[in-house]
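Structure file structure_21.txt with compact mmCIF, C-alpha atoms and all ligand atoms:
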# COMPACT_ATOMS: atom_id res chain seq x y z
CA MET C 9 -4.97 26.16 -154.89
CA VAL C 10 -7.69 24.15 -153.18
CA LEU C 11 -8.59 20.66 -154.28
CA PRO C 12 -11.40 18.61 -152.77
CA LEU C 13 -9.83 15.42 -151.38
CA GLU C 14 -12.67 12.94 -151.58
CA PRO C 15 -14.21 13.46 -155.01
CA LEU C 16 -10.87 13.64 -156.78
CA GLY C 17 -9.28 10.71 -155.03
CA TYR C 18 -5.76 10.37 -153.79
CA SER C 19 -4.16 9.56 -157.16
CA VAL C 20 -4.99 12.98 -158.61
CA VAL C 21 -3.68 14.60 -155.47
CA GLY C 22 -0.55 12.47 -155.79
CA ILE C 23 0.06 13.65 -159.36
CA TYR C 24 -0.51 17.19 -158.26
CA ILE C 25 1.97 16.84 -155.42
CA SER C 26 4.68 15.37 -157.66
CA MET C 27 4.11 18.11 -160.26
CA HIS C 28 4.74 20.81 -157.75
CA LEU C 29 6.97 18.98 -155.28
CA MET C 30 9.83 21.35 -155.90
CA SER C 31 7.84 24.48 -155.21
CA CYS C 32 5.24 23.20 -152.76
CA GLN C 33 6.14 24.54 -149.36
CA ARG C 34 3.18 23.55 -147.25
CA ILE C 35 0.15 21.30 -147.43
CA ARG C 36 -2.76 21.96 -145.16
CA VAL C 37 -5.88 19.87 -144.74
CA VAL C 38 -8.85 22.07 -143.95
CA ARG C 39 -12.38 21.16 -142.98
CA ARG C 40 -15.26 22.99 -144.58
CA ALA C 41 -19.01 22.47 -144.12
CA ASP C 42 -19.08 20.32 -147.26
CA GLY C 43 -15.98 18.23 -146.71
CA TYR C 44 -12.21 18.17 -146.38
CA TYR C 45 -9.85 20.07 -148.64
CA ALA C 46 -6.10 19.94 -149.20
CA GLN C 47 -4.44 23.30 -149.65
CA PHE C 48 -1.11 23.39 -151.45
CA CYS C 49 0.99 26.43 -150.74
CA ILE C 50 3.08 27.03 -153.86
CA ASP C 51 5.70 29.71 -154.32
CA VAL C 52 5.26 30.74 -157.95
CA GLU C 53 5.58 34.23 -159.39
CA ARG C 54 2.75 34.81 -161.83
CA THR C 55 3.23 37.38 -164.56
CA GLU C 56 1.19 37.99 -167.70
CA GLU C 57 2.08 39.97 -170.79
CA TYR C 58 1.56 43.73 -170.38
CA ILE C 59 -0.90 44.79 -173.05
CA PRO C 60 -1.59 48.56 -172.96
CA THR C 61 -5.17 49.64 -173.59
CA GLY C 62 -4.66 53.42 -173.45
CA LYS C 63 -7.38 53.76 -170.83
CA VAL C 64 -7.41 55.29 -167.35
CA ILE C 65 -10.27 54.63 -164.96
CA GLY C 66 -11.67 55.72 -161.59
CA ILE C 67 -13.99 53.43 -159.63
CA ASP C 68 -16.62 54.29 -157.04
CA VAL C 69 -18.28 51.42 -155.18
CA GLY C 70 -21.76 51.78 -153.77
CA LEU C 71 -24.95 50.06 -152.73
CA ASN C 72 -27.02 51.06 -155.77
CA HIS C 73 -24.51 49.58 -158.19
CA PHE C 74 -21.55 47.38 -157.39
CA TYR C 75 -19.45 50.10 -158.94
CA THR C 76 -19.71 53.17 -161.19
CA ASP C 77 -16.65 54.16 -163.22
CA SER C 78 -15.34 57.51 -164.43
CA ASP C 79 -16.87 56.88 -167.88
CA GLY C 80 -20.29 56.67 -166.22
CA ASP C 81 -20.59 52.92 -166.79
CA THR C 82 -22.01 50.79 -164.00
CA VAL C 83 -21.66 47.17 -162.92
CA PRO C 84 -24.83 45.97 -161.17
CA ASN C 85 -24.78 44.21 -157.83
CA PRO C 86 -24.64 40.46 -158.33
CA ARG C 87 -28.19 39.20 -158.04
CA HIS C 88 -27.17 35.74 -156.93
CA LEU C 89 -25.67 37.29 -153.79
CA ARG C 90 -29.03 38.85 -152.96
CA LYS C 91 -30.72 35.50 -153.46
CA SER C 92 -28.15 33.73 -151.31
CA GLU C 93 -28.67 36.33 -148.64
CA LYS C 94 -32.35 35.38 -148.38
CA ALA C 95 -31.48 31.69 -148.27
CA LEU C 96 -28.99 32.45 -145.48
CA LYS C 97 -31.67 34.15 -143.43
CA ARG C 98 -33.98 31.15 -143.86
CA ALA C 99 -31.23 28.71 -142.85
CA GLN C 100 -30.43 30.85 -139.81
CA LYS C 101 -34.08 30.80 -138.71
CA ARG C 102 -34.25 27.03 -139.15
CA VAL C 103 -31.29 26.60 -136.77
CA SER C 104 -32.84 28.80 -134.10
CA ARG C 105 -36.13 26.84 -134.26
CA LYS C 106 -34.46 23.48 -133.58
CA LYS C 107 -33.97 22.14 -130.06
CA LYS C 108 -30.49 22.64 -128.64
CA GLY C 109 -28.34 19.52 -128.78
CA SER C 110 -30.71 17.68 -131.14
CA SER C 111 -29.49 15.95 -134.25
CA ASN C 112 -31.90 18.05 -136.30
CA ARG C 113 -30.16 21.15 -135.02
CA LYS C 114 -26.80 19.69 -136.02
CA LYS C 115 -28.15 19.07 -139.51
CA ALA C 116 -29.54 22.60 -139.71
CA ILE C 117 -26.19 24.03 -138.58
CA ASN C 118 -24.41 22.07 -141.28
CA LYS C 119 -26.88 23.39 -143.87
CA LEU C 120 -26.27 26.94 -142.66
CA GLY C 121 -22.53 26.34 -142.93
CA ARG C 122 -22.93 25.13 -146.51
CA ARG C 123 -24.99 28.20 -147.34
CA HIS C 124 -22.29 30.47 -145.94
CA LEU C 125 -19.71 28.58 -147.95
CA LYS C 126 -21.74 29.01 -151.13
CA VAL C 127 -22.12 32.76 -150.61
CA SER C 128 -18.41 33.21 -149.93
CA ARG C 129 -17.52 31.21 -153.06
CA GLN C 130 -19.95 33.19 -155.22
CA ARG C 131 -18.59 36.44 -153.83
CA LYS C 132 -15.01 35.40 -154.50
CA ASP C 133 -15.87 34.32 -158.04
CA PHE C 134 -17.61 37.63 -158.74
CA ALA C 135 -14.71 39.65 -157.25
CA ILE C 136 -12.12 37.78 -159.33
CA LYS C 137 -14.02 38.08 -162.62
CA THR C 138 -14.91 41.75 -162.14
CA ALA C 139 -11.40 42.76 -161.05
CA LEU C 140 -9.76 40.85 -163.91
CA CYS C 141 -12.07 42.59 -166.39
CA VAL C 142 -11.16 46.04 -165.00
CA VAL C 143 -7.39 45.36 -164.97
CA LYS C 144 -7.39 43.91 -168.49
CA SER C 145 -9.33 46.84 -169.94
CA SER C 146 -7.40 49.70 -168.27
CA ASP C 147 -3.79 50.73 -167.66
CA PHE C 148 -4.34 53.03 -164.72
CA ILE C 149 -6.96 52.18 -162.09
CA ALA C 150 -7.88 54.38 -159.13
CA TYR C 151 -10.34 53.12 -156.53
CA GLU C 152 -11.54 54.17 -153.08
CA ASP C 153 -9.47 52.92 -150.19
CA LEU C 154 -12.29 51.08 -148.46
CA GLN C 155 -10.40 50.55 -145.22
CA VAL C 156 -10.64 54.24 -144.52
CA LYS C 157 -14.12 54.67 -145.95
CA ASN C 158 -16.38 55.89 -143.22
CA MET C 159 -18.92 53.14 -143.52
CA VAL C 160 -22.24 53.35 -141.81
CA LYS C 161 -22.12 50.79 -139.05
CA ASN C 162 -25.13 48.53 -139.19
CA HIS C 163 -25.78 44.85 -138.89
CA LYS C 164 -27.77 44.45 -142.05
CA LEU C 165 -26.76 41.33 -143.89
CA ALA C 166 -27.04 43.05 -147.28
CA LYS C 167 -24.55 45.66 -146.19
CA SER C 168 -22.06 43.16 -144.79
CA ILE C 169 -22.22 41.09 -147.98
CA SER C 170 -21.53 44.21 -150.06
CA ASP C 171 -18.66 45.28 -147.79
CA ALA C 172 -17.06 41.87 -148.07
CA ALA C 173 -17.52 41.84 -151.85
CA TRP C 174 -15.90 45.29 -152.18
CA SER C 175 -12.86 44.47 -150.07
CA GLN C 176 -12.32 41.23 -151.98
CA PHE C 177 -12.69 43.13 -155.26
CA ALA C 178 -10.01 45.61 -154.09
CA GLN C 179 -7.66 42.79 -153.13
CA TRP C 180 -8.01 41.18 -156.55
CA LEU C 181 -7.56 44.56 -158.29
CA GLU C 182 -4.20 44.91 -156.52
CA TYR C 183 -3.23 41.33 -157.30
CA PHE C 184 -4.13 41.44 -161.01
CA GLY C 185 -2.51 44.88 -161.26
CA LYS C 186 0.80 43.29 -160.29
CA VAL C 187 0.30 40.25 -162.53
CA TYR C 188 -0.57 42.33 -165.61
CA GLY C 189 1.83 45.21 -164.85
CA LYS C 190 -0.94 47.82 -164.51
CA THR C 191 -0.97 50.74 -162.07
CA VAL C 192 -3.58 50.31 -159.33
CA VAL C 193 -3.98 53.14 -156.80
CA ALA C 194 -6.15 53.26 -153.67
CA VAL C 195 -7.19 56.81 -152.84
CA ALA C 196 -8.70 58.34 -149.70
CA PRO C 197 -12.45 58.64 -150.25
CA GLN C 198 -12.87 61.95 -148.41
CA TYR C 199 -14.83 64.59 -150.36
CA THR C 200 -15.05 62.43 -153.48
CA SER C 201 -18.85 62.45 -153.41
CA GLN C 202 -19.25 66.10 -152.33
CA ASP C 203 -16.73 67.89 -154.55
CA CYS C 204 -17.54 68.86 -158.15
CA SER C 205 -15.35 66.89 -160.56
CA THR C 206 -15.32 69.81 -163.01
CA CYS C 207 -14.67 72.93 -160.90
CA GLY C 208 -13.72 71.50 -157.49
CA ASN C 209 -16.44 73.36 -155.59
CA SER C 210 -18.03 71.55 -152.68
CA VAL C 211 -21.67 70.63 -153.38
CA LYS C 212 -23.23 69.26 -150.19
CA LYS C 213 -25.38 66.18 -150.63
CA THR C 214 -27.25 63.83 -148.34
CA LEU C 215 -27.07 60.06 -148.97
CA SER C 216 -30.40 60.23 -150.81
CA THR C 217 -29.23 62.93 -153.27
CA ARG C 218 -28.56 60.88 -156.37
CA THR C 219 -27.59 63.67 -158.79
CA HIS C 220 -24.67 66.08 -158.56
CA ILE C 221 -25.79 69.55 -159.68
CA CYS C 222 -23.16 72.31 -159.53
CA SER C 223 -23.47 76.04 -160.20
CA CYS C 224 -20.72 75.63 -162.85
CA GLY C 225 -23.27 73.79 -164.99
CA THR C 226 -22.12 70.23 -164.25
CA VAL C 227 -24.95 67.74 -163.88
CA LEU C 228 -23.82 64.17 -163.27
CA ASP C 229 -24.98 61.02 -161.55
CA ARG C 230 -23.67 61.22 -158.00
CA ASP C 231 -21.49 58.09 -158.34
CA HIS C 232 -20.17 59.12 -161.78
CA ASN C 233 -19.02 62.43 -160.28
CA ALA C 234 -17.36 60.54 -157.38
CA ALA C 235 -15.60 58.15 -159.80
CA LEU C 236 -14.19 61.14 -161.74
CA ASN C 237 -12.90 62.63 -158.46
CA ILE C 238 -11.35 59.28 -157.52
CA LEU C 239 -9.57 59.12 -160.88
CA ALA C 240 -8.32 62.71 -160.47
CA LYS C 241 -7.05 61.94 -156.95
CA GLY C 242 -5.31 58.78 -158.14
CA LEU C 243 -3.65 60.55 -161.08
CA LYS C 244 -2.45 63.33 -158.81
CA ALA C 245 -1.11 60.94 -156.17
CA ARG C 246 0.63 58.46 -158.44
CA ALA C 247 1.40 60.27 -161.68
CA GLY C 248 1.62 63.87 -160.43
CA ILE C 249 -1.04 64.97 -162.90
CA ASN C 250 -3.29 67.66 -161.51
CA LEU C 251 -6.58 67.61 -163.33
CA ASN C 252 -7.61 70.90 -161.69
CA THR C 253 -4.55 72.68 -163.07
CA VAL C 254 -4.83 71.06 -166.49
CA GLY C 255 -8.55 71.71 -166.62
CA HIS C 256 -11.24 69.26 -167.48
CA THR C 257 -12.20 70.87 -170.76
CA GLU C 258 -8.69 70.30 -172.06
CA ILE C 259 -8.63 66.74 -170.76
CA ASN C 260 -11.91 66.06 -172.52
CA ALA C 261 -10.58 67.63 -175.71
CA TRP C 262 -7.46 65.46 -175.57
CA GLY C 263 -9.42 62.30 -175.03
CA GLN C 264 -8.43 59.24 -173.03
CA THR C 265 -5.39 58.28 -175.10
CA ASP C 266 -3.60 61.56 -174.53
CA LEU C 267 -4.33 61.46 -170.85
CA TYR C 268 -2.90 57.96 -170.91
CA SER C 269 0.35 59.11 -172.55
CA LEU C 270 0.64 61.69 -169.75
CA VAL C 271 0.33 58.86 -167.25
CA VAL C 272 2.92 56.79 -169.11
CA THR C 273 5.40 59.67 -169.08
CA SER C 274 4.81 60.27 -165.39
CA THR C 275 4.90 56.68 -164.17
CA GLY C 276 7.60 55.53 -166.59
CA LYS C 277 5.57 52.55 -167.79
CA PRO C 278 6.54 51.16 -171.19
CA THR C 279 4.18 51.97 -174.02
CA ASP C 280 4.98 48.84 -175.98
ZN ZN U 1 -18.73 72.57 -160.56
Starting from the file, give its structure as structure tokens.
Amino acid sequence: MVLPLEPLGYSVVGIYISMHLMSCQRIRVVRRADGYYAQFCIDVERTEEYIPTGKVIGIDVGLNHFYTDSDGDTVPNPRHLRKSEKALKRAQKRVSRKKKGSSNRKKAINKLGRRHLKVSRQRKDFAIKTALCVVKSSDFIAYEDLQVKNMVKNHKLAKSISDAAWSQFAQWLEYFGKVYGKTVVAVAPQYTSQDCSTCGNSVKKTLSTRTHICSCGTVLDRDHNAALNILAKGLKARAGINLNTVGHTEINAWGQTDLYSLVVTSTGKPTD
């Protein structure tokens, strides 16, 4: 919990402290580019009612869309982050143009700091809202373990913003999973984009190949195919359900709800 000190005034902070005096373990005053903040470290276990939705989902993150899920639905990249990225570049240039040690440079540095702060707040807000939406609408969530994802190393700002947004999104998925009693699984991303989600055959693709076309007749958007593989991997790892053994045609015939009851039986989660 972060409260701005100055705009709220000390009385509000005082009320807040007395409200949580019993559980507040630590107060930290931190300085940000736009002012001072008091952080209250509170030890509270947050749990929400478990409401089953009967839905299982696999999530593939990417640069074209923020993510594509195993139903083929996509969430676009947040446009405000792209805008902020441009503003960041401008602010950075302004700093480098100013004379070292000048007060104008100090001002420009502060502006750059505020810009960075804005981007990080927007990113956090987007990650929280998107993750909460996913957790609330599914019971079983499988996503790529981004720490082991072999990311192309480059210094492009757009890429670093996306990377940061993805890792925050994953953190909030895990957090909300615990709060809402949903199963959240991180799976190794190896082969998820190359393998066919229907027959398991490897279909080699370059980064620019956007469609997965397999000799078995499967034609899917590249990311949709990857999301299906991620879901299959997650189900196998956590619930012991092997989609390859069961067969996709049967899964499709059963529909989501039956797949969900399989998950419930395997993970021992309550259905009501
Ligand atoms: Zn195939």
Test item: residues lying within 6 Å of ligand ZN 1 (chain U) with only C-alpha atoms and all ligand atoms, as a VMD selection string: chain C and resid 204 206 to 209 222 to 224 226
To one decimal place, how far is atom CA of C:Asp77 from atom CA of C:Ala235 in Å? 5.4 Å
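Distances here use all atoms listed in the file; by that measure, the residue among C:Gln47, C:Gln100, C:Asn118, C:Thr61 closest to C:Val142 is C:Thr61.
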Atom pair atom CA of C:Leu96 + atom CA of C:Phe134, distance 18.2 Å
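Taking atom CA of C:Lys132 and atom CA of C:Gln179 as the two end points, the separation is 10.5 Å.
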Option closest in space to C:Pro86, from C:Tyr58, C:Phe74, C:Tyr45, C:Tyr151 [counting all atoms listed in the file]: C:Phe74
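Using only C-alpha atoms, the residues found no farther than 8 Å from C:Gln33, other than those of its own chain fewer than 3 positions away, are Phe48, Cys49, Ile50 and Asp51 of chain C.
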Considering only C-alpha atoms, return as a count of residues only whatever protein or nucleic-acid residues lie within 10 Å of C:Lys190, sequence-local ones (same chain, fewer than 6 positions apart) excluded. 14
Skipping near chain neighbours, those fewer than 5 positions away, what residues fall within 10 Å of C:Pro84 using all atoms listed in the file, listed as a PyMOL selection string? chain C and resi 70-76
Can you tell me, as an NGL selection string, what residues are no more than 8 Å from stretch 97-99 of chain C when counting all atoms listed in the file, ignoring any on the same chain fewer than 3 positions away? :C and (93-94 or 102-103 or 116 or 119-120 or 123)
